[in-house]
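*Asks:* Provided herewith is a single structure, encoded as structure tokens, for subsequent inquiry.
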Amino acid sequence: MKRDIEMLLLKLTDGGRILRLNDAQSGLCLEKRLNPQDSVSRQKERWKRVFLALLERELGAAG
């Protein structure tokens, strides 16, 4: 089953960035402060893969 993951990138006043991933179907979300030394797009893809794997593992048959 393909999940629809919402991705929101927040820019903080100190210049940092927080990535919020949300699965509307389950209501679960993950927030990570991004590393300013790494590419934002690479981190977005990495954390999306991690979040999808966690959802699959935790919700598996229930999702």
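Labels used: A, B, ... for chains in the order of the structure tokens, numbers from 1 for residues in each chain, and numbers from 1 for ligands as shown.
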What lies within 12 Å of Glu58 (chain A) using only C-alpha atoms, ignoring chain neighbours under 6 positions off, as a PyMOL selection string?

*Replies:* chain A and resi 26+28+51-52

*Asks:* Include N, CA and C atoms and write out the residues we just selected as a short mmCIF file (atom, residue, chain, number, x, y, z; two decimals), in the first residue's frame.

*Replies:*
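Result file follows (selection-v9.cif):
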```cif
data_model
loop_
_atom_site.label_atom_id
_atom_site.label_comp_id
_atom_site.auth_asym_id
_atom_site.auth_seq_id
_atom_site.Cartn_x
_atom_site.Cartn_y
_atom_site.Cartn_z
N SER A 26 -2.61 7.48 9.53
CA SER A 26 -2.41 6.94 10.88
C SER A 26 -2.34 8.04 11.93
N LEU A 28 0.39 9.62 12.62
CA LEU A 28 1.75 9.65 13.16
C LEU A 28 2.60 10.69 12.44
N PHE A 51 11.04 7.25 7.78
CA PHE A 51 9.66 7.35 8.28
C PHE A 51 8.78 6.27 7.66
N LEU A 52 8.90 6.06 6.36
CA LEU A 52 8.11 5.02 5.70
C LEU A 52 8.46 3.63 6.24
#
```

*Asks:* With a distance cut-off of 9 Å and only C-alpha atoms, select the neighbouring residues of Pro36 (chain A), excluding the residue or stretch itself and same-chain residues fewer than 3 positions from it, and output the selection as a list in words.

*Replies:*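 The filter keeps Gly15, Gly16, Arg17, Ser39 and Val40 of chain A.
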
*Asks:* What are the DSSP alpha helix (DSSP H) residues of region 1-61 of chain A, as a PyMOL selection string?

*Replies:* chain A and resi 40-59

*Asks:* Please dump the current selection as an mmCIF file, in the first residue's frame; keep N, CA and C atoms.

*Replies:*
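For reference, selection10.cif as written:
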```cif
data_model
loop_
_atom_site.group_PDB
_atom_site.id
_atom_site.type_symbol
_atom_site.label_atom_id
_atom_site.label_comp_id
_atom_site.auth_asym_id
_atom_site.auth_seq_id
_atom_site.Cartn_x
_atom_site.Cartn_y
_atom_site.Cartn_z
ATOM 1 N N VAL A 40 19.775 19.773 2.072
ATOM 2 C CA VAL A 40 18.404 19.657 2.562
ATOM 3 C C VAL A 40 17.648 18.580 1.783
ATOM 4 N N SER A 41 17.790 18.569 0.464
ATOM 5 C CA SER A 41 17.051 17.588 -0.341
ATOM 6 C C SER A 41 17.478 16.159 -0.015
ATOM 7 N N ARG A 42 18.757 15.947 0.224
ATOM 8 C CA ARG A 42 19.237 14.608 0.583
ATOM 9 C C ARG A 42 18.682 14.175 1.937
ATOM 10 N N GLN A 43 18.650 15.106 2.884
ATOM 11 C CA GLN A 43 18.110 14.797 4.208
ATOM 12 C C GLN A 43 16.610 14.533 4.143
ATOM 13 N N LYS A 44 15.899 15.306 3.313
ATOM 14 C CA LYS A 44 14.456 15.085 3.158
ATOM 15 C C LYS A 44 14.181 13.678 2.655
ATOM 16 N N GLU A 45 14.908 13.252 1.639
ATOM 17 C CA GLU A 45 14.707 11.906 1.089
ATOM 18 C C GLU A 45 15.076 10.830 2.102
ATOM 19 N N ARG A 46 16.180 11.048 2.812
ATOM 20 C CA ARG A 46 16.606 10.066 3.813
ATOM 21 C C ARG A 46 15.562 9.895 4.903
ATOM 22 N N TRP A 47 15.083 11.002 5.467
ATOM 23 C CA TRP A 47 14.122 10.908 6.565
ATOM 24 C C TRP A 47 12.764 10.400 6.094
ATOM 25 N N LYS A 48 12.423 10.666 4.844
ATOM 26 C CA LYS A 48 11.177 10.112 4.299
ATOM 27 C C LYS A 48 11.278 8.591 4.226
ATOM 28 N N ARG A 49 12.421 8.081 3.757
ATOM 29 C CA ARG A 49 12.615 6.619 3.711
ATOM 30 C C ARG A 49 12.566 6.011 5.106
ATOM 31 N N VAL A 50 13.203 6.673 6.077
ATOM 32 C CA VAL A 50 13.205 6.193 7.456
ATOM 33 C C VAL A 50 11.781 6.173 8.004
ATOM 34 N N PHE A 51 11.039 7.253 7.779
ATOM 35 C CA PHE A 51 9.662 7.350 8.280
ATOM 36 C C PHE A 51 8.778 6.274 7.663
ATOM 37 N N LEU A 52 8.901 6.058 6.360
ATOM 38 C CA LEU A 52 8.115 5.017 5.700
ATOM 39 C C LEU A 52 8.459 3.630 6.245
ATOM 40 N N ALA A 53 9.724 3.382 6.493
ATOM 41 C CA ALA A 53 10.133 2.089 7.049
ATOM 42 C C ALA A 53 9.575 1.900 8.455
ATOM 43 N N LEU A 54 9.597 2.965 9.264
ATOM 44 C CA LEU A 54 9.032 2.881 10.608
ATOM 45 C C LEU A 54 7.528 2.619 10.567
ATOM 46 N N LEU A 55 6.836 3.329 9.685
ATOM 47 C CA LEU A 55 5.393 3.113 9.548
ATOM 48 C C LEU A 55 5.092 1.681 9.132
ATOM 49 N N GLU A 56 5.847 1.189 8.163
ATOM 50 C CA GLU A 56 5.635 -0.169 7.676
ATOM 51 C C GLU A 56 5.874 -1.185 8.783
ATOM 52 N N ARG A 57 6.937 -0.968 9.542
ATOM 53 C CA ARG A 57 7.261 -1.893 10.626
ATOM 54 C C ARG A 57 6.220 -1.861 11.738
ATOM 55 N N GLU A 58 5.804 -0.654 12.130
ATOM 56 C CA GLU A 58 4.885 -0.506 13.257
ATOM 57 C C GLU A 58 3.431 -0.802 12.891
ATOM 58 N N LEU A 59 3.026 -0.393 11.695
ATOM 59 C CA LEU A 59 1.627 -0.551 11.312
ATOM 60 C C LEU A 59 1.405 -1.766 10.427
#
```

*Asks:* Excluding Leu19 (chain A) and any residue of its chain fewer than 4 positions from it, enumerate the residues within 8 Å of it, using only C-alpha atoms, and give them as a PDB file with C-alpha atoms, in the first residue's frame.

*Replies:*
```
ATOM      1  CA  MET A   7       6.302  16.936   4.248  1.00  0.00           C
ATOM      2  CA  LEU A   8       6.715  20.374   5.817  1.00  0.00           C
ATOM      3  CA  LEU A   9      10.015  22.236   6.044  1.00  0.00           C
ATOM      4  CA  LEU A  10      10.109  24.925   8.728  1.00  0.00           C
ATOM      5  CA  GLU A  31      10.060  15.904  13.365  1.00  0.00           C
ATOM      6  CA  LYS A  32      13.799  16.198  12.846  1.00  0.00           C
ATOM      7  CA  ARG A  33      16.115  19.175  13.041  1.00  0.00           C
ATOM      8  CA  LEU A  34      18.175  19.109   9.869  1.00  0.00           C
ATOM      9  CA  LYS A  44      14.456  15.085   3.158  1.00  0.00           C
TER      10      LYS A  44
END
```

*Asks:* Compile the contact shell of Cys29 (chain A) as a list in words: residues with an atom at most 9 Å away, counting only C-alpha atoms, same-chain residues fewer than 5 positions apart removed.

*Replies:* Arg20, Leu21, Asn22, Asp23, Ala24 and Phe51 of chain A

*Asks:* Please, could you write that set of residues out with N, CA and C atoms as a PDB file, in the first residue's frame?

*Replies:*
```
ATOM      1  N   ARG A  20       9.181  18.153   9.110  1.00  0.00           N
ATOM      2  CA  ARG A  20       8.067  17.430   9.727  1.00  0.00           C
ATOM      3  C   ARG A  20       7.441  16.528   8.674  1.00  0.00           C
ATOM      4  N   LEU A  21       7.397  15.236   8.978  1.00  0.00           N
ATOM      5  CA  LEU A  21       6.758  14.252   8.112  1.00  0.00           C
ATOM      6  C   LEU A  21       5.504  13.769   8.825  1.00  0.00           C
ATOM      7  N   ASN A  22       4.395  13.722   8.090  1.00  0.00           N
ATOM      8  CA  ASN A  22       3.121  13.362   8.696  1.00  0.00           C
ATOM      9  C   ASN A  22       2.385  12.363   7.811  1.00  0.00           C
ATOM     10  N   ASP A  23       1.878  11.312   8.430  1.00  0.00           N
ATOM     11  CA  ASP A  23       1.040  10.341   7.737  1.00  0.00           C
ATOM     12  C   ASP A  23      -0.396  10.583   8.193  1.00  0.00           C
ATOM     13  N   ALA A  24      -1.192  11.194   7.345  1.00  0.00           N
ATOM     14  CA  ALA A  24      -2.561  11.561   7.713  1.00  0.00           C
ATOM     15  C   ALA A  24      -3.411  10.334   8.025  1.00  0.00           C
ATOM     16  N   PHE A  51      11.039   7.253   7.779  1.00  0.00           N
ATOM     17  CA  PHE A  51       9.662   7.350   8.280  1.00  0.00           C
ATOM     18  C   PHE A  51       8.778   6.274   7.663  1.00  0.00           C
TER      19      PHE A  51
END
```
